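Okay, work-v5.tsv now, which holds TSV, C-alpha atoms and all ligand atoms:
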chain	number	residue	atom	x	y	z
A	1	MET	CA	0.00	0.00	0.00
A	2	THR	CA	0.97	3.60	-0.46
A	3	ASP	CA	2.08	5.56	2.61
A	4	ASN	CA	0.88	8.95	1.37
A	5	ILE	CA	-0.42	10.99	4.29
A	6	ILE	CA	-2.14	13.50	2.01
A	7	TYR	CA	-4.38	12.24	-0.76
A	8	GLY	CA	-6.62	13.85	-3.34
A	9	PRO	CA	-8.33	16.22	-3.67
A	10	VAL	CA	-11.03	13.64	-4.36
A	11	PRO	CA	-14.59	14.35	-5.47
A	12	SER	CA	-16.85	13.59	-2.51
A	13	ARG	CA	-20.64	13.62	-2.46
A	14	ARG	CA	-20.59	14.94	1.09
A	15	LEU	CA	-17.72	17.40	0.87
A	16	GLY	CA	-17.36	18.52	-2.72
A	17	LEU	CA	-13.63	18.46	-3.47
A	18	SER	CA	-11.93	17.06	-0.39
A	19	LEU	CA	-8.21	16.92	0.39
A	20	GLY	CA	-7.69	13.90	2.66
A	21	VAL	CA	-5.20	13.69	5.52
A	22	ASP	CA	-4.41	10.28	7.00
A	23	LEU	CA	-3.99	10.67	10.77
A	24	VAL	CA	-3.37	7.00	11.57
A	25	PRO	CA	-1.60	4.13	9.80
A	26	TYR	CA	-3.65	1.45	8.02
A	27	LYS	CA	-5.77	0.22	9.81
A	28	VAL	CA	-5.70	1.61	13.33
A	29	CYS	CA	-9.35	1.64	14.35
A	30	SER	CA	-11.63	1.17	17.34
A	31	TYR	CA	-14.19	-0.63	15.15
A	32	ASN	CA	-14.12	-3.54	12.73
A	33	CYS	CA	-17.23	-2.66	10.72
A	34	VAL	CA	-18.71	-5.40	8.57
A	35	TYR	CA	-19.14	-2.79	5.82
A	36	CYS	CA	-15.62	-1.33	5.98
A	37	GLN	CA	-14.50	-0.61	2.43
A	38	ILE	CA	-10.78	-0.43	3.08
A	39	GLY	CA	-10.51	-3.89	4.67
A	40	PRO	CA	-10.88	-5.62	8.05
A	41	THR	CA	-9.35	-4.32	11.30
A	42	LYS	CA	-7.02	-7.07	12.55
A	43	LYS	CA	-7.07	-5.84	16.14
A	44	THR	CA	-9.30	-3.02	17.36
A	45	THR	CA	-7.72	-0.46	19.68
A	46	ILE	CA	-8.71	2.55	21.80
A	47	ALA	CA	-5.11	3.54	22.56
A	48	ARG	CA	-4.53	7.16	21.57
A	49	LYS	CA	-1.00	7.82	20.35
A	50	PRO	CA	0.87	10.36	18.19
A	51	TYR	CA	0.64	7.94	15.25
A	52	VAL	CA	1.56	10.63	12.72
A	53	LEU	CA	3.27	13.78	13.99
A	54	PRO	CA	1.83	17.25	13.31
A	55	GLU	CA	5.11	18.46	11.76
A	56	LYS	CA	5.05	15.70	9.16
A	57	ILE	CA	1.42	16.37	8.31
A	58	LEU	CA	1.89	20.13	8.13
A	59	SER	CA	4.92	19.96	5.89
A	60	GLN	CA	3.26	17.54	3.42
A	61	LEU	CA	-0.01	19.46	3.49
A	62	LEU	CA	1.60	22.83	2.86
A	63	ASN	CA	3.65	21.41	-0.02
A	64	ARG	CA	0.46	20.09	-1.57
A	65	LEU	CA	-1.38	23.38	-1.13
A	66	LYS	CA	1.55	25.26	-2.69
A	67	GLU	CA	0.81	23.39	-5.92
A	68	GLY	CA	-2.21	25.67	-6.25
A	69	ILE	CA	-4.99	23.17	-5.52
A	70	THR	CA	-8.18	24.62	-4.04
A	71	PRO	CA	-10.13	21.92	-2.19
A	72	ASP	CA	-13.48	22.74	-0.58
A	73	TYR	CA	-12.41	20.99	2.62
A	74	ILE	CA	-9.35	19.49	4.29
A	75	THR	CA	-10.61	16.21	5.73
A	76	LEU	CA	-8.93	14.45	8.65
A	77	GLY	CA	-9.73	10.77	8.31
A	78	GLY	CA	-8.03	8.12	6.25
A	79	SER	CA	-7.08	4.57	7.00
A	80	GLY	CA	-8.76	4.18	10.39
A	81	GLU	CA	-10.14	6.32	13.21
A	82	PRO	CA	-8.49	9.79	13.23
A	83	THR	CA	-9.37	10.65	16.86
A	84	LEU	CA	-6.97	7.87	17.90
A	85	ASN	CA	-4.20	10.28	16.94
A	86	SER	CA	-3.54	11.99	20.29
A	87	GLU	CA	-2.20	15.06	18.43
A	88	ILE	CA	-5.43	15.80	16.57
A	89	LYS	CA	-6.17	19.03	18.45
A	90	HIS	CA	-2.71	20.37	17.69
A	91	ILE	CA	-3.03	19.22	14.05
A	92	ILE	CA	-6.36	21.03	13.60
A	93	ASN	CA	-4.99	24.21	15.18
A	94	ARG	CA	-1.82	24.18	13.08
A	95	ILE	CA	-3.78	23.66	9.85
A	96	LYS	CA	-6.15	26.49	10.69
A	97	GLU	CA	-3.21	28.81	11.36
A	98	GLN	CA	-1.98	28.17	7.82
A	99	THR	CA	-5.12	28.18	5.68
A	100	ASP	CA	-8.73	29.36	5.52
A	101	ILE	CA	-9.89	26.10	3.94
A	102	PRO	CA	-12.43	24.56	6.34
A	103	VAL	CA	-11.26	21.50	8.27
A	104	THR	CA	-13.49	18.45	8.74
A	105	VAL	CA	-13.09	15.33	10.89
A	106	LEU	CA	-14.46	12.05	9.53
A	107	THR	CA	-14.89	9.98	12.69
A	108	ASN	CA	-16.72	6.85	13.79
A	109	GLY	CA	-17.62	8.81	16.97
A	110	SER	CA	-16.65	5.91	19.23
A	111	LEU	CA	-14.35	7.92	21.50
A	112	LEU	CA	-16.56	10.97	22.09
A	113	TRP	CA	-17.56	9.64	25.52
A	114	ASP	CA	-14.09	10.90	26.49
A	115	GLU	CA	-14.19	14.63	27.27
A	116	THR	CA	-10.60	15.07	26.10
A	117	VAL	CA	-11.48	13.73	22.65
A	118	ARG	CA	-14.53	16.00	22.46
A	119	ASN	CA	-12.35	19.00	23.30
A	120	ASP	CA	-9.68	17.89	20.85
A	121	ILE	CA	-11.92	18.12	17.80
A	122	CYS	CA	-13.88	21.24	18.75
A	123	GLY	CA	-11.68	23.40	16.49
A	124	ALA	CA	-12.90	21.65	13.33
A	125	ASP	CA	-15.50	23.36	11.13
A	126	VAL	CA	-17.49	20.20	10.43
A	127	VAL	CA	-17.50	16.87	12.27
A	128	LEU	CA	-18.92	13.85	10.46
A	129	PRO	CA	-19.57	11.06	12.97
A	130	SER	CA	-21.25	7.70	12.31
A	131	LEU	CA	-24.27	6.17	13.99
A	132	ASP	CA	-25.11	2.87	12.33
A	133	ALA	CA	-27.22	1.30	15.06
A	134	ALA	CA	-30.01	2.36	17.37
A	135	ASP	CA	-29.41	-0.42	19.91
A	136	LYS	CA	-26.61	-2.43	21.48
A	137	SER	CA	-27.19	-5.66	19.64
A	138	VAL	CA	-27.18	-4.09	16.14
A	139	PHE	CA	-24.19	-1.93	17.16
A	140	ASN	CA	-22.17	-5.04	18.08
A	141	GLN	CA	-23.31	-6.80	14.93
A	142	ILE	CA	-22.38	-3.99	12.51
A	143	ASN	CA	-19.51	-2.06	14.10
A	144	ARG	CA	-17.88	-4.90	16.08
A	145	PRO	CA	-16.27	-2.36	18.46
A	146	HIS	CA	-13.30	-2.70	20.81
A	147	PRO	CA	-14.58	-4.49	23.96
A	148	ASP	CA	-14.30	-1.29	26.05
A	149	ILE	CA	-16.70	0.66	23.80
A	150	VAL	CA	-20.33	0.21	24.80
A	151	PHE	CA	-23.33	1.41	22.83
A	152	GLU	CA	-24.81	3.67	25.53
A	153	GLY	CA	-21.45	5.38	26.14
A	154	MET	CA	-20.90	5.93	22.42
A	155	VAL	CA	-24.32	7.57	21.95
A	156	ASP	CA	-23.94	9.65	25.13
A	157	GLY	CA	-20.65	10.91	23.69
A	158	LEU	CA	-22.43	12.13	20.56
A	159	ILE	CA	-25.10	13.87	22.65
A	160	GLU	CA	-22.51	15.52	24.92
A	161	PHE	CA	-20.48	16.60	21.92
A	162	ARG	CA	-23.50	18.37	20.43
A	163	LYS	CA	-23.96	20.32	23.67
A	164	MET	CA	-20.47	21.80	23.54
A	165	TYR	CA	-19.72	22.01	19.81
A	166	THR	CA	-20.84	25.04	17.82
A	167	GLY	CA	-19.77	23.80	14.35
A	168	GLN	CA	-21.70	21.59	11.96
A	169	ILE	CA	-22.40	17.91	12.74
A	170	TRP	CA	-23.21	15.76	9.71
A	171	LEU	CA	-24.23	12.32	10.94
A	172	GLU	CA	-23.71	9.31	8.66
A	173	ILE	CA	-25.90	6.22	8.96
A	174	PHE	CA	-24.78	3.17	6.99
A	175	LEU	CA	-27.77	0.96	6.23
A	176	ILE	CA	-27.58	-2.77	5.55
A	177	ASP	CA	-30.52	-4.67	4.15
A	178	GLY	CA	-31.85	-7.21	6.65
A	179	VAL	CA	-29.93	-5.67	9.59
A	180	ASN	CA	-30.68	-2.01	10.40
A	181	ALA	CA	-32.78	-0.99	7.39
A	182	THR	CA	-36.23	-1.45	8.90
A	183	GLN	CA	-39.02	0.94	9.70
A	184	ALA	CA	-38.82	-0.01	13.40
A	185	HIS	CA	-35.10	0.71	13.52
A	186	MET	CA	-35.68	4.10	11.83
A	187	ALA	CA	-38.10	5.00	14.62
A	188	SER	CA	-35.39	4.12	17.16
A	189	PHE	CA	-32.80	6.14	15.23
A	190	ARG	CA	-35.17	9.08	15.29
A	191	ARG	CA	-35.23	9.08	19.09
A	192	TRP	CA	-31.42	9.26	19.31
A	193	ILE	CA	-31.26	11.86	16.55
A	194	ASP	CA	-33.62	14.13	18.49
A	195	ASP	CA	-30.97	14.21	21.24
A	196	ILE	CA	-27.88	14.38	19.00
A	197	ARG	CA	-29.38	17.22	16.90
A	198	PRO	CA	-27.14	16.86	13.84
A	199	ASP	CA	-27.23	19.58	11.17
A	200	LYS	CA	-27.45	16.96	8.43
A	201	ILE	CA	-28.09	13.20	8.26
A	202	HIS	CA	-26.45	11.25	5.45
A	203	LEU	CA	-27.75	7.80	4.52
A	204	ASN	CA	-25.26	5.47	2.91
A	205	THR	CA	-25.28	1.82	1.90
A	206	ALA	CA	-23.03	-0.88	0.45
A	207	VAL	CA	-22.55	0.06	-3.19
A	208	ARG	CA	-18.94	-1.15	-3.30
A	209	PRO	CA	-17.10	-4.13	-1.79
A	210	THR	CA	-17.17	-4.46	1.99
A	211	ALA	CA	-15.04	-6.25	4.61
A	212	GLU	CA	-17.65	-9.03	4.86
A	213	SER	CA	-19.37	-10.46	1.81
A	214	ALA	CA	-22.83	-10.77	3.44
A	215	VAL	CA	-23.46	-7.02	3.52
A	216	ASN	CA	-26.42	-6.24	1.33
A	217	ALA	CA	-27.19	-2.84	-0.14
A	218	VAL	CA	-30.48	-1.06	0.46
A	219	SER	CA	-32.28	0.16	-2.67
A	220	HIS	CA	-32.27	3.84	-3.52
A	221	GLU	CA	-36.07	3.90	-3.22
A	222	LYS	CA	-35.95	2.46	0.29
A	223	LEU	CA	-33.26	4.97	1.33
A	224	GLN	CA	-35.47	7.80	0.06
A	225	TYR	CA	-38.35	6.44	2.10
A	226	PHE	CA	-36.15	6.28	5.24
A	227	CYS	CA	-35.16	9.92	4.63
A	228	GLU	CA	-38.83	10.85	4.93
A	229	ILE	CA	-39.04	9.04	8.29
A	230	LEU	CA	-35.87	10.73	9.58
A	231	GLY	CA	-36.98	14.22	8.60
A	232	ASP	CA	-35.86	17.03	6.33
A	233	LYS	CA	-32.21	16.97	7.43
A	234	ALA	CA	-31.79	13.49	5.95
A	235	GLU	CA	-30.47	12.83	2.46
A	236	VAL	CA	-29.09	9.89	0.49
A	237	ILE	CA	-25.35	10.08	-0.15
A	238	ALA	CA	-24.75	6.56	-1.51
A	239	PRO	CA	-23.37	6.99	-5.05
A	240	PHE	CA	-26.09	5.41	-7.17
A	241	LYS	CA	-25.43	7.90	-9.94
A	242	ARG	CA	-22.14	8.56	-11.64
A	243	THR	CA	-20.31	11.50	-10.05
A	244	ASN	CA	-19.09	14.14	-12.46
A	245	LEU	CA	-15.34	14.03	-12.03
A	246	LYS	CA	-13.49	17.34	-12.17
A	247	GLU	CA	-11.17	18.24	-15.00
A	248	GLY	CA	-7.83	16.44	-14.69
A	249	THR	CA	-9.24	13.51	-12.75
A	250	ASN	CA	-9.86	11.61	-15.99
A	251	VAL	CA	-6.07	11.03	-16.11
A	252	ILE	CA	-6.39	8.89	-12.98
A	253	GLN	CA	-9.52	7.23	-14.32
A	254	ASN	CA	-7.63	6.33	-17.51
A	255	ASP	CA	-4.73	4.90	-15.50
A	256	LEU	CA	-7.19	2.80	-13.50
A	257	LEU	CA	-8.83	1.52	-16.66
A	258	ASN	CA	-5.46	0.71	-18.21
A	259	MET	CA	-4.59	-1.43	-15.20
A	260	LEU	CA	-7.97	-3.15	-15.26
A	261	ALA	CA	-7.66	-3.82	-19.00
A	262	ARG	CA	-4.76	-6.14	-18.22
A	263	ARG	CA	-6.36	-8.09	-15.37
A	264	PRO	CA	-8.95	-7.77	-12.59
A	265	CYS	CA	-7.42	-6.00	-9.57
A	266	THR	CA	-8.17	-5.66	-5.87
A	267	LEU	CA	-8.21	-2.26	-4.17
A	268	GLU	CA	-4.74	-3.06	-2.79
A	269	ASP	CA	-3.43	-3.85	-6.31
A	270	LEU	CA	-4.75	-0.55	-7.67
A	271	SER	CA	-3.42	1.45	-4.73
A	272	ALA	CA	0.04	-0.10	-5.00
A	273	GLY	CA	0.10	0.05	-8.82
A	274	LEU	CA	-0.87	3.71	-9.08
A	275	GLY	CA	0.77	4.94	-5.85
A	276	LEU	CA	-2.53	6.41	-4.70
A	277	HIS	CA	-4.28	6.20	-1.34
A	278	LYS	CA	-7.04	3.59	-1.12
A	279	ASN	CA	-9.61	6.25	-0.27
A	280	GLU	CA	-8.65	8.22	-3.37
A	281	ILE	CA	-9.01	5.12	-5.57
A	282	LEU	CA	-12.43	4.41	-4.04
A	283	LYS	CA	-13.81	7.77	-5.20
A	284	TYR	CA	-13.00	6.93	-8.82
A	285	ILE	CA	-14.27	3.38	-8.35
A	286	ASP	CA	-17.62	4.77	-7.14
A	287	SER	CA	-18.02	6.86	-10.23
A	288	MET	CA	-17.01	4.07	-12.59
A	289	ILE	CA	-19.27	1.46	-10.96
A	290	ALA	CA	-22.21	3.87	-11.07
A	291	GLY	CA	-21.37	4.67	-14.70
A	292	LYS	CA	-21.30	0.90	-15.47
A	293	ILE	CA	-17.71	1.17	-16.75
A	294	ILE	CA	-16.39	-1.42	-14.29
A	295	GLU	CA	-17.93	-4.10	-12.07
A	296	VAL	CA	-17.04	-6.00	-8.91
A	297	VAL	CA	-16.51	-9.75	-8.74
A	298	ARG	CA	-16.01	-11.58	-5.48
A	299	VAL	CA	-13.62	-14.56	-5.41
A	300	GLY	CA	-13.54	-16.23	-2.00
A	301	GLU	CA	-12.79	-13.53	0.56
A	302	LYS	CA	-11.46	-11.04	-2.00
A	303	SER	CA	-13.19	-8.46	-4.19
A	304	PHE	CA	-11.80	-7.70	-7.61
A	305	TYR	CA	-12.63	-4.86	-10.00
A	306	GLN	CA	-12.81	-5.56	-13.69
A	307	LYS	CA	-13.83	-3.76	-16.87
A	308	ARG	CA	-17.38	-4.49	-18.04
B	401	LIG	S1	-15.61	1.82	8.38
B	401	LIG	FE1	-14.38	3.33	9.46
B	401	LIG	S2	-14.85	2.93	11.61
B	401	LIG	FE2	-15.50	1.13	10.50
B	401	LIG	S3	-13.74	-0.27	10.56
B	401	LIG	FE3	-13.57	0.92	8.64
B	401	LIG	S4	-12.25	2.62	9.18
B	401	LIG	FE4	-12.99	1.76	11.13
Could I get this structure in the form of structure tokens?
Ligand code: SF4
Amino acid sequence: MTDNIIYGPVPSRRLGLSLGVDLVPYKVCSYNCVYCQIGPTKKTTIARKPYVLPEKILSQLLNRLKEGITPDYITLGGSGEPTLNSEIKHIINRIKEQTDIPVTVLTNGSLLWDETVRNDICGADVVLPSLDAADKSVFNQINRPHPDIVFEGMVDGLIEFRKMYTGQIWLEIFLIDGVNATQAHMASFRRWIDDIRPDKIHLNTAVRPTAESAVNAVSHEKLQYFCEILGDKAEVIAPFKRTNLKEGTNVIQNDLLNMLARRPCTLEDLSAGLGLHKNEILKYIDSMIAGKIIEVVRVGEKSFYQKR
């Protein structure tokens, strides 16, 4: 895999043109979600450490910005859970000293029960946490958290964070057919959402390969229906339609297609072959799957992309 800390900018349905910053190595995470699109977590952790130092991030980020790129957002996320980087507060502050581009944190929200973590990310302009379950049993089934993370504590963390944070909270709910995509579960979500008070709710589903093969996508029609139940802040963000890629990005798309013309490739193959971050590759993959240019085939435990 590539060890780029900065990747993109990538076209994102939630964030426009987003410049990604990887705050933890692959795949340091407190969850092992069944739907994870960058691969399974071998061992979940809640240990916060300076996994990537602010100086390293700042120097790479500033070099990238000097090239004249103008992303809509700088997004702290990447190959795992960014709040596990104990330097995140310092990183946010240093970035904001250097640029006016808004900073976002893409988090699973699992550590917000910890007041220090809540304080650490308060300087971001937008925080995008996840809430994939409305009860303990579905939480354990979907997110497969570190044993020290309990459902009630995780949700309380989100509620407490809302009380102190004045920026935007855009909540993501990942829906899986036959698991959390039911009318009854939506009613339960609604109760939590009333307390969390997010500014937006984004519904997503499995439109590309996931860590486990038995993760079934919810139809676009059903997602639209769930939006109505969840209220006017809810919208579908799953890429059912082809995203219009910005000028210049077709070079990467062509490189991807050239690789796939030779043989079907996994995400790891494409990332290593093109020297691009997995998350960056996934944005192009989304667009090409939706545009019916490529398709996914599953062989045993692995997912391969191939030209149609
Ligand atoms: S989806 Fe996000 S939170 Fe879940 S295992 Fe993957 S990186 Fe971690």
Give me, please, the distance in Å between CA of Val299 (chain A) and CA of Glu81 (chain A), quoted to one decimal. 28.2 Å
Sort by chain and increasing residue number a table of all residues of chain A within 10 Å of ligand LIG 401 (chain B), each with its closest pair of atoms and their distance in Å to one decimal, counting only C-alpha atoms and all ligand atoms, and write it as CSV.
residue,atom,partner,partner_atom,distance
A:Tyr26,CA,B:LIG401,S4,8.8
A:Lys27,CA,B:LIG401,S4,6.9
A:Val28,CA,B:LIG401,FE4,7.6
A:Cys29,CA,B:LIG401,FE4,4.9
A:Ser30,CA,B:LIG401,FE4,6.4
A:Tyr31,CA,B:LIG401,S3,4.6
A:Asn32,CA,B:LIG401,S3,3.9
A:Cys33,CA,B:LIG401,FE2,4.2
A:Val34,CA,B:LIG401,S3,7.4
A:Tyr35,CA,B:LIG401,S1,6.3
A:Cys36,CA,B:LIG401,S1,4.0
A:Gln37,CA,B:LIG401,FE3,6.5
A:Ile38,CA,B:LIG401,FE3,6.4
A:Gly39,CA,B:LIG401,FE3,6.9
A:Pro40,CA,B:LIG401,S3,6.6
A:Thr41,CA,B:LIG401,S3,6.0
A:Lys42,CA,B:LIG401,S3,9.8
A:Thr44,CA,B:LIG401,S3,8.6
A:Gly77,CA,B:LIG401,S4,8.6
A:Gly78,CA,B:LIG401,S4,7.5
A:Ser79,CA,B:LIG401,S4,5.9
A:Gly80,CA,B:LIG401,S4,4.0
A:Glu81,CA,B:LIG401,FE4,5.8
A:Pro82,CA,B:LIG401,S4,9.1
A:Leu106,CA,B:LIG401,FE1,8.7
A:Thr107,CA,B:LIG401,S2,7.1
A:Asn108,CA,B:LIG401,S2,4.9
A:Gly109,CA,B:LIG401,S2,8.4
A:Ser110,CA,B:LIG401,S2,8.4
A:Pro129,CA,B:LIG401,S2,9.5
A:Ser130,CA,B:LIG401,S2,8.0
A:Asp132,CA,B:LIG401,FE2,9.9
A:Ile142,CA,B:LIG401,FE2,8.8
A:Asn143,CA,B:LIG401,FE2,6.3
A:Arg144,CA,B:LIG401,S3,8.3
A:Pro145,CA,B:LIG401,S3,8.6
A:Phe174,CA,B:LIG401,S1,9.4
A:Thr210,CA,B:LIG401,S1,9.1
A:Ala211,CA,B:LIG401,FE3,8.4
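Of note, CA of Leu15 (chain A) and CA of Glu221 (chain A) are spaced 23.1 Å apart.
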Which residue gives the smallest distance to Asp22 (chain A) among A:Ile176, A:Val138, A:Met288, A:Ile57, with all atoms listed in the file counted? A:Ile57
List as a PDB file with C-alpha atoms, in the coordinates of the input the residues having at least one atom at most 7 Å from position (-13.7, 17.1, 9.1) as given in the file, counting only C-alpha atoms.
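Listed below is the output, selection-v8.pdb:
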ATOM      1  CA  ILE A  74      -9.350  19.490   4.290  1.00  0.00           C
ATOM      2  CA  THR A  75     -10.610  16.210   5.730  1.00  0.00           C
ATOM      3  CA  LEU A  76      -8.930  14.450   8.650  1.00  0.00           C
ATOM      4  CA  VAL A 103     -11.260  21.500   8.270  1.00  0.00           C
ATOM      5  CA  THR A 104     -13.490  18.450   8.740  1.00  0.00           C
ATOM      6  CA  VAL A 105     -13.090  15.330  10.890  1.00  0.00           C
ATOM      7  CA  LEU A 106     -14.460  12.050   9.530  1.00  0.00           C
ATOM      8  CA  ALA A 124     -12.900  21.650  13.330  1.00  0.00           C
ATOM      9  CA  ASP A 125     -15.500  23.360  11.130  1.00  0.00           C
ATOM     10  CA  VAL A 126     -17.490  20.200  10.430  1.00  0.00           C
ATOM     11  CA  VAL A 127     -17.500  16.870  12.270  1.00  0.00           C
ATOM     12  CA  LEU A 128     -18.920  13.850  10.460  1.00  0.00           C
TER      13      LEU A 128
END
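Across A:Gln98, A:Ser86, A:Asn180, A:Gln141, the tightest approach to Ser59 (chain A) is made by A:Gln98 when counting only C-alpha atoms.
With all atoms listed in the file taken into account, the protein and nucleic acid residues at most 9 Å from Gly16 (chain A) (excluding it and anything under 3 positions from it in its own chain) are Val10, Pro11, Ser12, Arg13, Pro71, Asp72 and Tyr73 of chain A.
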Point out the residue among A:Asn254, A:Ser213, A:Ser303, A:Gln60 with the least atom-to-atom distance to Glu268 (chain A), counting only C-alpha atoms. A:Ser303
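When all atoms listed in the file are used to compute distances to Val215 (chain A), the closest of the residues A:Cys227, A:Ile285, A:Ile46, A:Leu175 turns out to be A:Leu175.
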At a cut-off of 7 Å, using only C-alpha atoms, what residues contact Ile293 (chain A)? Leave out same-chain residues fewer than 4 positions from it and give the result as number ranges by chain. A: 288-289, 307-308
